[in-house]
file entry35.txt (compact mmCIF, N, CA, C and O atoms)
# COMPACT_ATOMS: atom_id res chain seq x y z
N MET R 15 -3.60 22.49 13.35
CA MET R 15 -2.20 22.42 12.98
C MET R 15 -1.31 22.50 14.21
O MET R 15 -0.29 21.83 14.26
N ASP R 16 -1.73 23.32 15.17
CA ASP R 16 -0.96 23.43 16.40
C ASP R 16 -0.94 22.10 17.15
O ASP R 16 0.08 21.71 17.70
N ASP R 17 -2.10 21.41 17.15
CA ASP R 17 -2.18 20.12 17.83
C ASP R 17 -1.20 19.12 17.23
O ASP R 17 -0.54 18.37 17.95
N PHE R 18 -1.10 19.11 15.90
CA PHE R 18 -0.19 18.18 15.25
C PHE R 18 1.25 18.47 15.68
O PHE R 18 2.00 17.54 16.01
N GLY R 19 1.64 19.73 15.68
CA GLY R 19 3.00 20.08 16.08
C GLY R 19 3.31 19.65 17.49
O GLY R 19 4.40 19.12 17.77
N GLU R 20 2.35 19.85 18.39
CA GLU R 20 2.57 19.44 19.79
C GLU R 20 2.67 17.93 19.91
O GLU R 20 3.56 17.41 20.58
N LEU R 21 1.77 17.21 19.25
CA LEU R 21 1.81 15.75 19.31
C LEU R 21 3.08 15.21 18.65
O LEU R 21 3.68 14.26 19.14
N ARG R 22 3.47 15.82 17.56
CA ARG R 22 4.69 15.36 16.87
C ARG R 22 5.91 15.52 17.77
O ARG R 22 6.80 14.67 17.77
N SER R 23 5.95 16.59 18.53
CA SER R 23 7.08 16.78 19.45
C SER R 23 7.11 15.69 20.52
O SER R 23 8.16 15.41 21.08
N ARG R 24 5.97 15.09 20.79
CA ARG R 24 5.88 13.98 21.75
C ARG R 24 6.19 12.63 21.10
O ARG R 24 6.30 11.62 21.80
N GLY R 25 6.22 12.59 19.77
CA GLY R 25 6.58 11.36 19.07
C GLY R 25 5.42 10.50 18.64
O GLY R 25 5.60 9.50 17.95
N GLN R 26 4.19 10.86 19.02
CA GLN R 26 3.04 10.09 18.59
C GLN R 26 1.77 10.88 18.84
O GLN R 26 1.76 11.82 19.63
N GLY R 27 0.70 10.46 18.14
CA GLY R 27 -0.57 11.15 18.35
C GLY R 27 -1.68 10.61 17.48
O GLY R 27 -1.47 9.77 16.59
N TYR R 28 -2.86 11.13 17.76
CA TYR R 28 -4.08 10.77 17.03
C TYR R 28 -4.91 12.04 16.88
O TYR R 28 -5.18 12.73 17.87
N LEU R 29 -5.26 12.37 15.64
CA LEU R 29 -6.06 13.56 15.36
C LEU R 29 -7.27 13.20 14.52
O LEU R 29 -7.18 12.36 13.61
N GLU R 30 -8.40 13.84 14.79
CA GLU R 30 -9.57 13.76 13.94
C GLU R 30 -9.69 15.10 13.23
O GLU R 30 -9.65 16.15 13.88
N VAL R 31 -9.83 15.06 11.90
CA VAL R 31 -9.84 16.28 11.11
C VAL R 31 -11.10 16.31 10.26
O VAL R 31 -11.29 15.46 9.39
N ASP R 32 -11.98 17.28 10.54
CA ASP R 32 -13.18 17.42 9.73
C ASP R 32 -13.24 18.80 9.12
O ASP R 32 -12.44 19.68 9.44
N LEU R 33 -14.18 18.98 8.23
CA LEU R 33 -14.34 20.24 7.54
C LEU R 33 -15.38 21.09 8.28
O LEU R 33 -16.30 20.55 8.89
N PRO R 34 -15.26 22.40 8.21
CA PRO R 34 -16.23 23.26 8.88
C PRO R 34 -17.65 23.00 8.38
O PRO R 34 -17.88 22.81 7.19
N GLY R 35 -18.59 22.96 9.31
CA GLY R 35 -19.99 22.85 8.96
C GLY R 35 -20.51 21.46 8.68
O GLY R 35 -21.67 21.29 8.35
N GLY R 36 -19.71 20.43 8.80
CA GLY R 36 -20.20 19.10 8.50
C GLY R 36 -19.55 18.03 9.33
O GLY R 36 -18.50 18.24 9.92
N THR R 37 -20.19 16.89 9.40
CA THR R 37 -19.63 15.79 10.16
C THR R 37 -18.90 14.79 9.26
O THR R 37 -17.99 14.12 9.71
N TYR R 38 -19.31 14.68 8.00
CA TYR R 38 -18.68 13.74 7.06
C TYR R 38 -18.39 14.48 5.77
O TYR R 38 -19.16 15.36 5.39
N PRO R 39 -17.37 14.13 5.07
CA PRO R 39 -16.34 13.17 5.45
C PRO R 39 -15.37 13.78 6.46
O PRO R 39 -15.29 15.01 6.60
N TYR R 40 -14.66 12.89 7.16
CA TYR R 40 -13.55 13.36 7.99
C TYR R 40 -12.45 12.32 7.99
O TYR R 40 -12.66 11.16 7.65
N LEU R 41 -11.25 12.79 8.31
CA LEU R 41 -10.07 11.93 8.36
C LEU R 41 -9.58 11.81 9.78
O LEU R 41 -9.79 12.70 10.60
N THR R 42 -8.90 10.70 10.04
CA THR R 42 -8.11 10.60 11.27
C THR R 42 -6.67 10.34 10.86
O THR R 42 -6.40 9.67 9.86
N LEU R 43 -5.77 10.89 11.63
CA LEU R 43 -4.34 10.70 11.43
C LEU R 43 -3.78 10.11 12.70
O LEU R 43 -3.90 10.70 13.77
N SER R 44 -3.23 8.91 12.59
CA SER R 44 -2.59 8.23 13.71
C SER R 44 -1.11 8.11 13.37
O SER R 44 -0.77 7.68 12.27
N PHE R 45 -0.25 8.48 14.29
CA PHE R 45 1.18 8.38 13.98
C PHE R 45 1.99 8.08 15.24
O PHE R 45 1.60 8.39 16.36
N ARG R 46 3.11 7.45 14.99
CA ARG R 46 4.07 7.12 16.04
C ARG R 46 5.44 7.06 15.39
O ARG R 46 5.62 6.37 14.39
N ALA R 47 6.36 7.82 15.95
CA ALA R 47 7.70 7.96 15.36
C ALA R 47 7.53 8.43 13.92
O ALA R 47 6.87 9.42 13.68
N GLY R 48 8.06 7.72 12.95
CA GLY R 48 7.99 8.14 11.55
C GLY R 48 6.88 7.51 10.76
O GLY R 48 6.80 7.68 9.55
N HIS R 49 5.98 6.76 11.41
CA HIS R 49 4.94 6.01 10.71
C HIS R 49 3.56 6.59 11.00
O HIS R 49 3.27 6.97 12.13
N ALA R 50 2.71 6.59 9.96
CA ALA R 50 1.36 7.14 10.11
C ALA R 50 0.35 6.30 9.33
O ALA R 50 0.69 5.62 8.37
N VAL R 51 -0.91 6.38 9.78
CA VAL R 51 -2.03 5.72 9.12
C VAL R 51 -3.15 6.76 9.03
O VAL R 51 -3.41 7.48 10.00
N VAL R 52 -3.83 6.80 7.86
CA VAL R 52 -4.92 7.74 7.66
C VAL R 52 -6.21 6.96 7.40
O VAL R 52 -6.27 6.14 6.48
N HIS R 53 -7.22 7.23 8.23
CA HIS R 53 -8.56 6.67 8.05
C HIS R 53 -9.46 7.73 7.42
O HIS R 53 -9.33 8.92 7.74
N LEU R 54 -10.41 7.29 6.60
CA LEU R 54 -11.42 8.16 6.01
C LEU R 54 -12.79 7.65 6.45
O LEU R 54 -13.10 6.47 6.28
N PHE R 55 -13.59 8.53 7.02
CA PHE R 55 -14.95 8.22 7.41
C PHE R 55 -15.87 9.01 6.47
O PHE R 55 -15.89 10.24 6.53
N THR R 56 -16.60 8.32 5.59
CA THR R 56 -17.48 9.01 4.65
C THR R 56 -18.92 9.07 5.14
O THR R 56 -19.69 9.89 4.64
N ASP R 57 -19.29 8.22 6.06
CA ASP R 57 -20.59 8.26 6.73
C ASP R 57 -20.50 7.39 7.98
O ASP R 57 -19.41 6.90 8.31
N GLU R 58 -21.61 7.20 8.67
CA GLU R 58 -21.58 6.46 9.94
C GLU R 58 -21.07 5.04 9.81
O GLU R 58 -20.56 4.48 10.76
N GLU R 59 -21.24 4.45 8.64
CA GLU R 59 -20.93 3.04 8.48
C GLU R 59 -19.73 2.75 7.58
O GLU R 59 -19.32 1.60 7.47
N THR R 60 -19.18 3.75 6.92
CA THR R 60 -18.14 3.50 5.92
C THR R 60 -16.81 4.09 6.35
O THR R 60 -16.68 5.30 6.53
N VAL R 61 -15.83 3.19 6.52
CA VAL R 61 -14.48 3.59 6.92
C VAL R 61 -13.50 2.97 5.91
O VAL R 61 -13.65 1.81 5.53
N SER R 62 -12.53 3.77 5.50
CA SER R 62 -11.51 3.30 4.58
C SER R 62 -10.13 3.67 5.10
O SER R 62 -10.00 4.61 5.90
N LEU R 63 -9.13 2.96 4.64
CA LEU R 63 -7.74 3.27 4.96
C LEU R 63 -7.02 3.70 3.69
O LEU R 63 -7.24 3.12 2.62
N LEU R 64 -6.16 4.69 3.82
CA LEU R 64 -5.35 5.14 2.70
C LEU R 64 -4.19 4.16 2.51
O LEU R 64 -3.53 3.77 3.48
N ALA R 65 -3.97 3.79 1.26
CA ALA R 65 -2.85 2.88 0.96
C ALA R 65 -1.53 3.54 1.32
O ALA R 65 -1.36 4.75 1.19
N GLY R 66 -0.59 2.72 1.75
CA GLY R 66 0.71 3.21 2.18
C GLY R 66 1.56 3.71 1.03
O GLY R 66 1.23 3.54 -0.15
N ASP R 67 2.67 4.33 1.40
CA ASP R 67 3.57 4.92 0.40
C ASP R 67 4.90 4.17 0.28
O ASP R 67 5.84 4.68 -0.31
N GLY R 68 4.96 2.96 0.82
CA GLY R 68 6.18 2.17 0.72
C GLY R 68 7.19 2.45 1.83
O GLY R 68 8.28 1.89 1.83
N THR R 69 6.81 3.28 2.78
CA THR R 69 7.69 3.58 3.92
C THR R 69 8.06 2.32 4.68
O THR R 69 9.19 2.18 5.16
N VAL R 70 7.10 1.40 4.77
CA VAL R 70 7.30 0.13 5.46
C VAL R 70 6.93 -0.98 4.46
O VAL R 70 5.91 -0.87 3.78
N PRO R 71 7.74 -2.03 4.34
CA PRO R 71 7.36 -3.14 3.47
C PRO R 71 5.95 -3.66 3.82
O PRO R 71 5.58 -3.69 5.00
N TRP R 72 5.19 -4.02 2.80
CA TRP R 72 3.79 -4.37 2.98
C TRP R 72 3.56 -5.48 4.00
O TRP R 72 2.56 -5.49 4.70
N GLU R 73 4.49 -6.43 4.12
CA GLU R 73 4.28 -7.57 5.02
C GLU R 73 4.68 -7.26 6.47
O GLU R 73 4.34 -8.02 7.37
N GLU R 74 5.37 -6.16 6.70
CA GLU R 74 5.75 -5.79 8.07
C GLU R 74 4.60 -5.03 8.75
O GLU R 74 3.68 -4.57 8.09
N THR R 75 4.67 -4.94 10.07
CA THR R 75 3.62 -4.24 10.82
C THR R 75 4.22 -3.12 11.67
O THR R 75 5.40 -3.16 12.01
N VAL R 76 3.37 -2.15 11.97
CA VAL R 76 3.73 -1.08 12.89
C VAL R 76 2.54 -0.82 13.81
O VAL R 76 1.41 -1.18 13.50
N GLU R 77 2.83 -0.22 14.94
CA GLU R 77 1.78 0.16 15.88
C GLU R 77 1.69 1.68 15.93
O GLU R 77 2.70 2.37 16.04
N VAL R 78 0.46 2.17 15.82
CA VAL R 78 0.19 3.59 15.97
C VAL R 78 -1.03 3.76 16.88
O VAL R 78 -1.87 2.86 16.96
N PRO R 79 -1.13 4.89 17.57
CA PRO R 79 -2.28 5.09 18.45
C PRO R 79 -3.56 5.36 17.66
O PRO R 79 -3.57 6.15 16.72
N VAL R 80 -4.62 4.67 18.05
CA VAL R 80 -5.96 4.94 17.54
C VAL R 80 -6.83 5.12 18.78
O VAL R 80 -6.97 4.19 19.58
N LEU R 81 -7.32 6.34 18.93
CA LEU R 81 -8.00 6.74 20.17
C LEU R 81 -7.01 6.56 21.31
O LEU R 81 -5.96 7.16 21.30
N ASP R 82 -7.32 5.70 22.26
CA ASP R 82 -6.46 5.58 23.44
C ASP R 82 -5.60 4.32 23.47
O ASP R 82 -4.99 4.01 24.49
N GLU R 83 -5.56 3.58 22.36
CA GLU R 83 -4.81 2.32 22.35
C GLU R 83 -3.93 2.24 21.11
O GLU R 83 -4.21 2.89 20.11
N LEU R 84 -2.91 1.41 21.18
CA LEU R 84 -2.08 1.15 20.00
C LEU R 84 -2.77 0.11 19.13
O LEU R 84 -3.32 -0.88 19.63
N ALA R 85 -2.77 0.35 17.83
CA ALA R 85 -3.34 -0.58 16.87
C ALA R 85 -2.25 -0.99 15.89
O ALA R 85 -1.34 -0.22 15.60
N ILE R 86 -2.35 -2.21 15.39
CA ILE R 86 -1.36 -2.76 14.48
C ILE R 86 -1.87 -2.66 13.05
O ILE R 86 -3.01 -3.04 12.76
N PHE R 87 -1.00 -2.18 12.16
CA PHE R 87 -1.31 -2.08 10.74
C PHE R 87 -0.16 -2.66 9.94
O PHE R 87 0.99 -2.51 10.31
N THR R 88 -0.51 -3.29 8.83
CA THR R 88 0.53 -3.77 7.92
C THR R 88 1.08 -2.58 7.13
O THR R 88 0.43 -1.54 7.01
N GLY R 89 2.25 -2.78 6.57
CA GLY R 89 2.88 -1.74 5.78
C GLY R 89 2.04 -1.29 4.60
O GLY R 89 2.25 -0.20 4.07
N TYR R 90 1.08 -2.12 4.20
CA TYR R 90 0.22 -1.74 3.08
C TYR R 90 -0.52 -0.43 3.36
O TYR R 90 -0.90 0.29 2.44
N PHE R 91 -0.73 -0.11 4.66
CA PHE R 91 -1.49 1.08 5.04
C PHE R 91 -0.64 2.12 5.77
O PHE R 91 -1.17 3.06 6.36
N VAL R 92 0.67 1.98 5.73
CA VAL R 92 1.54 2.89 6.49
C VAL R 92 2.18 3.91 5.55
O VAL R 92 2.70 3.55 4.50
N LEU R 93 2.14 5.16 5.99
CA LEU R 93 2.77 6.26 5.26
C LEU R 93 3.82 6.88 6.16
O LEU R 93 3.76 6.73 7.39
N GLY R 94 4.72 7.62 5.56
CA GLY R 94 5.61 8.45 6.35
C GLY R 94 4.80 9.59 6.97
O GLY R 94 3.80 10.04 6.39
N VAL R 95 5.20 10.05 8.13
CA VAL R 95 4.43 11.09 8.84
C VAL R 95 4.31 12.36 8.00
O VAL R 95 3.23 12.95 7.92
N ASP R 96 5.38 12.79 7.36
CA ASP R 96 5.31 14.01 6.56
C ASP R 96 4.33 13.85 5.40
O ASP R 96 3.55 14.76 5.11
N HIS R 97 4.36 12.71 4.75
CA HIS R 97 3.42 12.46 3.65
C HIS R 97 1.98 12.45 4.16
O HIS R 97 1.09 13.06 3.56
N ALA R 98 1.74 11.78 5.27
CA ALA R 98 0.40 11.73 5.84
C ALA R 98 -0.10 13.13 6.22
O ALA R 98 -1.26 13.46 5.99
N TRP R 99 0.79 13.95 6.77
CA TRP R 99 0.40 15.31 7.13
C TRP R 99 0.07 16.13 5.88
O TRP R 99 -0.87 16.92 5.88
N ASP R 100 0.81 15.90 4.80
CA ASP R 100 0.49 16.57 3.53
C ASP R 100 -0.89 16.17 3.03
O ASP R 100 -1.64 17.00 2.51
N VAL R 101 -1.24 14.90 3.20
CA VAL R 101 -2.57 14.41 2.81
C VAL R 101 -3.64 15.13 3.61
O VAL R 101 -4.64 15.61 3.05
N VAL R 102 -3.45 15.24 4.91
CA VAL R 102 -4.44 15.90 5.77
C VAL R 102 -4.58 17.37 5.38
O VAL R 102 -5.69 17.89 5.26
N ARG R 103 -3.47 18.04 5.16
CA ARG R 103 -3.53 19.46 4.79
C ARG R 103 -4.22 19.65 3.45
O ARG R 103 -5.00 20.59 3.27
N SER R 104 -4.00 18.76 2.50
CA SER R 104 -4.68 18.84 1.21
C SER R 104 -6.18 18.66 1.39
O SER R 104 -6.98 19.37 0.77
N PHE R 105 -6.59 17.72 2.22
CA PHE R 105 -8.01 17.50 2.50
C PHE R 105 -8.64 18.76 3.10
O PHE R 105 -9.71 19.19 2.68
N VAL R 106 -7.97 19.37 4.05
CA VAL R 106 -8.50 20.58 4.69
C VAL R 106 -8.59 21.73 3.67
O VAL R 106 -9.56 22.48 3.64
N ARG R 107 -7.59 21.84 2.83
CA ARG R 107 -7.53 22.93 1.85
C ARG R 107 -8.59 22.78 0.77
O ARG R 107 -9.23 23.75 0.36
N THR R 108 -8.79 21.54 0.26
CA THR R 108 -9.68 21.33 -0.88
C THR R 108 -11.05 20.78 -0.53
O THR R 108 -11.99 20.90 -1.31
N GLY R 109 -11.15 20.10 0.62
CA GLY R 109 -12.40 19.45 0.99
C GLY R 109 -12.63 18.13 0.26
O GLY R 109 -13.67 17.51 0.40
N ALA R 110 -11.66 17.70 -0.53
CA ALA R 110 -11.81 16.48 -1.33
C ALA R 110 -10.86 15.40 -0.83
O ALA R 110 -9.77 15.68 -0.35
N PHE R 111 -11.31 14.16 -0.96
CA PHE R 111 -10.45 13.03 -0.56
C PHE R 111 -10.17 12.09 -1.72
O PHE R 111 -9.29 11.24 -1.62
N THR R 112 -10.85 12.24 -2.83
CA THR R 112 -10.71 11.30 -3.94
C THR R 112 -9.34 11.36 -4.60
O THR R 112 -8.89 10.36 -5.16
N ASP R 113 -8.67 12.50 -4.56
CA ASP R 113 -7.37 12.63 -5.20
C ASP R 113 -6.20 12.43 -4.24
O ASP R 113 -5.05 12.68 -4.61
N LEU R 114 -6.47 11.98 -3.03
CA LEU R 114 -5.41 11.85 -2.02
C LEU R 114 -4.63 10.54 -2.15
O LEU R 114 -3.56 10.41 -1.55
N GLY R 115 -5.16 9.57 -2.87
CA GLY R 115 -4.53 8.28 -3.01
C GLY R 115 -5.57 7.19 -3.10
O GLY R 115 -6.77 7.45 -3.25
N GLU R 116 -5.11 5.96 -3.02
CA GLU R 116 -5.98 4.79 -3.11
C GLU R 116 -6.56 4.47 -1.74
O GLU R 116 -5.81 4.33 -0.76
N TRP R 117 -7.88 4.33 -1.67
CA TRP R 117 -8.55 4.01 -0.41
C TRP R 117 -9.04 2.57 -0.43
O TRP R 117 -9.56 2.11 -1.44
N ALA R 118 -8.88 1.88 0.68
CA ALA R 118 -9.39 0.50 0.83
C ALA R 118 -10.48 0.53 1.89
O ALA R 118 -10.22 0.82 3.06
N GLU R 119 -11.71 0.24 1.47
CA GLU R 119 -12.83 0.24 2.41
C GLU R 119 -12.74 -0.96 3.33
O GLU R 119 -12.43 -2.08 2.91
N LEU R 120 -12.99 -0.73 4.61
CA LEU R 120 -12.95 -1.82 5.59
C LEU R 120 -14.30 -2.49 5.70
O LEU R 120 -15.32 -1.95 5.45

call {"tool": "encode", "arguments": {"input": "entry35.txt", "output": "C-alpha cells"}}
result
Amino acid sequence: MDDFGELRSRGQGYLEVDLPGGTYPYLTLSFRAGHAVVHLFTDEETVSLLAGDGTVPWEETVEVPVLDELAIFTGYFVLGVDHAWDVVRSFVRTGAFTDLGEWAEL
C-alpha cells in the first residue's frame, strides 16, 4: 500500500500484487495520471485483462507503464485509478478475483 501511495504521488506506476504463500493468482496494476489497467495472472500461461469502467471511451487509447515501458490499451480495458486500486485491495482482502469484474483472457 505504501508503494502505491509513493507511485501515485509521482503520477504513474506499475505494481505486482500477490497473495501470501503463493505465486498464482496475482494481479498487476499499471497506472498513469487518472488511468489504470489491471492484469490477472492465473498461471504461467494465462493472462487476462479486467474490463474498463467507462472512464475512457472504448475506441480511445491510453498509455500506462507495464514493467519498464509504456503500453497502449483501448478504453475497453481502462479503469479510473481509484476504482482499480479498490479492485486490488478487494483481491488482497478476499483472495478472490471472480467477483472483481469481467475478465478478458489474452

call {"tool": "residues_near_point", "arguments": {"input": "entry35.txt", "point": "(-6.4, -2.3, 7.8)", "cutoff": "7 Å", "atoms": "all atoms listed in the file", "output": "NGL selection string"}}
result
:R and (63 or 86-88 or 91 or 118 or 120)

call {"tool": "closest_residue", "arguments": {"input": "entry35.txt", "among": "R:Glu30, R:Arg46, R:Phe18, R:Gly25", "to": "Glu83 (chain R)", "atoms": "only C-alpha atoms"}}
result
R:Arg46

call {"tool": "residues_around", "arguments": {"input": "entry35.txt", "residues": "region 78-82 of chain R", "least_positions_apart": "2", "cutoff": "9 Å", "atoms": "only C-alpha atoms", "output": "PyMOL selection string"}}
result
chain R and resi 26-29+42-47+49-51+76+84-87

call {"tool": "atom_distance", "arguments": {"input": "entry35.txt", "atom1": "CA of Val102 (chain R)", "atom2": "CA of Leu41 (chain R)"}}
result
7.4 Å

call {"tool": "select_by_dssp", "arguments": {"input": "entry35.txt", "residues": "chain R", "states": "helix (DSSP H, G or I)", "output": "list in words"}}
result
Asp16, Asp17, Phe18, Gly19, Glu20, Leu21, Arg22, Ser23, Arg24, Gly89, Tyr90, Phe91, Val95, Asp96, His97, Ala98, Trp99, Asp100, Val101, Val102, Arg103, Ser104, Phe105, Val106, Arg107 and Thr108 of chain R

call {"tool": "closest_residue", "arguments": {"input": "entry35.txt", "among": "R:Gly115, R:Gly68, R:Pro39, R:Gly48", "to": "Gly94 (chain R)", "atoms": "all atoms listed in the file"}}
result
R:Gly48

call {"tool": "closest_residue", "arguments": {"input": "entry35.txt", "among": "R:Gly36, R:Glu116, R:Thr60, R:Val52", "to": "Ala98 (chain R)", "atoms": "only N, CA, C and O atoms"}}
result
R:Val52

call {"tool": "atom_distance", "arguments": {"input": "entry35.txt", "atom1": "CA of Val106 (chain R)", "atom2": "atom N of Ser62 (chain R)"}}
result
17.3 Å

call {"tool": "atom_distance", "arguments": {"input": "entry35.txt", "atom1": "atom C of Leu21 (chain R)", "atom2": "atom C of Glu58 (chain R)"}}
result
27.7 Å

call {"tool": "closest_residue", "arguments": {"input": "entry35.txt", "among": "R:Trp117, R:Gly109, R:Asp16, R:Arg103", "to": "Leu54 (chain R)", "atoms": "all atoms listed in the file"}}
result
R:Trp117

call {"tool": "select_by_dssp", "arguments": {"input": "entry35.txt", "residues": "chain R", "states": "strand (DSSP E)", "output": "VMD selection string"}}
result
chain R and resid 26 to 32 40 to 46 49 to 55 61 to 64 75 to 80 83 to 88 93 to 94 117 to 119

call {"tool": "residues_around", "arguments": {"input": "entry35.txt", "residues": "Pro71 (chain R)", "least_positions_apart": "4", "cutoff": "7 Å", "atoms": "only N, CA, C and O atoms", "output": "number ranges by chain"}}
result
R: 75, 88-90

call {"tool": "closest_residue", "arguments": {"input": "entry35.txt", "among": "R:Phe111, R:Phe55, R:Tyr38, R:Trp72", "to": "Val92 (chain R)", "atoms": "only C-alpha atoms"}}
result
R:Trp72

call {"tool": "closest_residue", "arguments": {"input": "entry35.txt", "among": "R:Glu74, R:His53, R:Trp99, R:Asp17", "to": "Val31 (chain R)", "atoms": "only N, CA, C and O atoms"}}
result
R:His53

call {"tool": "decode", "arguments": {"input": "entry35.txt", "residues": "region 51-103 of chain R", "atoms": "C-alpha atoms", "output": "PDB file, in the first residue's frame"}}
result
ATOM      1  CA  VAL R  51      -5.179  -1.225 -16.289  1.00  0.00           C
ATOM      2  CA  VAL R  52      -5.391  -4.429 -14.227  1.00  0.00           C
ATOM      3  CA  HIS R  53      -3.908  -7.729 -15.420  1.00  0.00           C
ATOM      4  CA  LEU R  54      -4.719 -11.102 -13.839  1.00  0.00           C
ATOM      5  CA  PHE R  55      -2.221 -13.954 -13.985  1.00  0.00           C
ATOM      6  CA  THR R  56      -3.885 -17.254 -13.022  1.00  0.00           C
ATOM      7  CA  ASP R  57      -0.965 -19.497 -14.034  1.00  0.00           C
ATOM      8  CA  GLU R  58       2.219 -19.354 -16.121  1.00  0.00           C
ATOM      9  CA  GLU R  59       0.321 -19.247 -19.388  1.00  0.00           C
ATOM     10  CA  THR R  60      -2.967 -17.481 -18.638  1.00  0.00           C
ATOM     11  CA  VAL R  61      -3.257 -13.698 -18.544  1.00  0.00           C
ATOM     12  CA  SER R  62      -6.469 -11.691 -18.557  1.00  0.00           C
ATOM     13  CA  LEU R  63      -7.381  -8.010 -18.523  1.00  0.00           C
ATOM     14  CA  LEU R  64     -10.132  -6.511 -16.397  1.00  0.00           C
ATOM     15  CA  ALA R  65     -12.807  -4.756 -18.439  1.00  0.00           C
ATOM     16  CA  GLY R  66     -12.832  -0.990 -18.126  1.00  0.00           C
ATOM     17  CA  ASP R  67     -15.304   1.112 -16.194  1.00  0.00           C
ATOM     18  CA  GLY R  68     -16.127   3.669 -18.891  1.00  0.00           C
ATOM     19  CA  THR R  69     -13.510   6.168 -17.728  1.00  0.00           C
ATOM     20  CA  VAL R  70     -12.246   6.298 -21.309  1.00  0.00           C
ATOM     21  CA  PRO R  71     -14.428   5.672 -24.391  1.00  0.00           C
ATOM     22  CA  TRP R  72     -13.793   2.138 -25.663  1.00  0.00           C
ATOM     23  CA  GLU R  73     -12.337   3.269 -29.010  1.00  0.00           C
ATOM     24  CA  GLU R  74      -9.805   5.689 -27.465  1.00  0.00           C
ATOM     25  CA  THR R  75      -6.376   4.618 -26.215  1.00  0.00           C
ATOM     26  CA  VAL R  76      -4.188   5.433 -23.241  1.00  0.00           C
ATOM     27  CA  GLU R  77      -0.616   4.615 -22.319  1.00  0.00           C
ATOM     28  CA  VAL R  78       0.307   3.159 -18.948  1.00  0.00           C
ATOM     29  CA  PRO R  79       3.598   1.673 -17.736  1.00  0.00           C
ATOM     30  CA  VAL R  80       3.964  -2.092 -17.900  1.00  0.00           C
ATOM     31  CA  LEU R  81       7.277  -3.121 -16.382  1.00  0.00           C
ATOM     32  CA  ASP R  82       9.729  -0.575 -17.788  1.00  0.00           C
ATOM     33  CA  GLU R  83       7.854   0.595 -20.890  1.00  0.00           C
ATOM     34  CA  LEU R  84       4.636   2.365 -21.785  1.00  0.00           C
ATOM     35  CA  ALA R  85       1.968   0.116 -23.273  1.00  0.00           C
ATOM     36  CA  ILE R  86      -1.139   1.171 -25.189  1.00  0.00           C
ATOM     37  CA  PHE R  87      -4.601  -0.041 -24.180  1.00  0.00           C
ATOM     38  CA  THR R  88      -8.014   0.741 -25.572  1.00  0.00           C
ATOM     39  CA  GLY R  89     -10.626   2.244 -23.310  1.00  0.00           C
ATOM     40  CA  TYR R  90     -12.270  -1.176 -23.140  1.00  0.00           C
ATOM     41  CA  PHE R  91      -9.606  -2.107 -20.543  1.00  0.00           C
ATOM     42  CA  VAL R  92      -9.096   1.241 -18.797  1.00  0.00           C
ATOM     43  CA  LEU R  93     -10.357   1.998 -15.303  1.00  0.00           C
ATOM     44  CA  GLY R  94     -10.095   5.054 -13.135  1.00  0.00           C
ATOM     45  CA  VAL R  95      -7.126   4.795 -10.759  1.00  0.00           C
ATOM     46  CA  ASP R  96      -9.298   4.866  -7.632  1.00  0.00           C
ATOM     47  CA  HIS R  97     -11.532   2.102  -8.970  1.00  0.00           C
ATOM     48  CA  ALA R  98      -8.523  -0.010  -9.965  1.00  0.00           C
ATOM     49  CA  TRP R  99      -6.989   0.442  -6.507  1.00  0.00           C
ATOM     50  CA  ASP R 100     -10.286  -0.675  -4.935  1.00  0.00           C
ATOM     51  CA  VAL R 101     -10.135  -3.806  -7.110  1.00  0.00           C
ATOM     52  CA  VAL R 102      -6.595  -4.563  -5.927  1.00  0.00           C
ATOM     53  CA  ARG R 103      -7.492  -4.024  -2.273  1.00  0.00           C
TER      54      ARG R 103
END
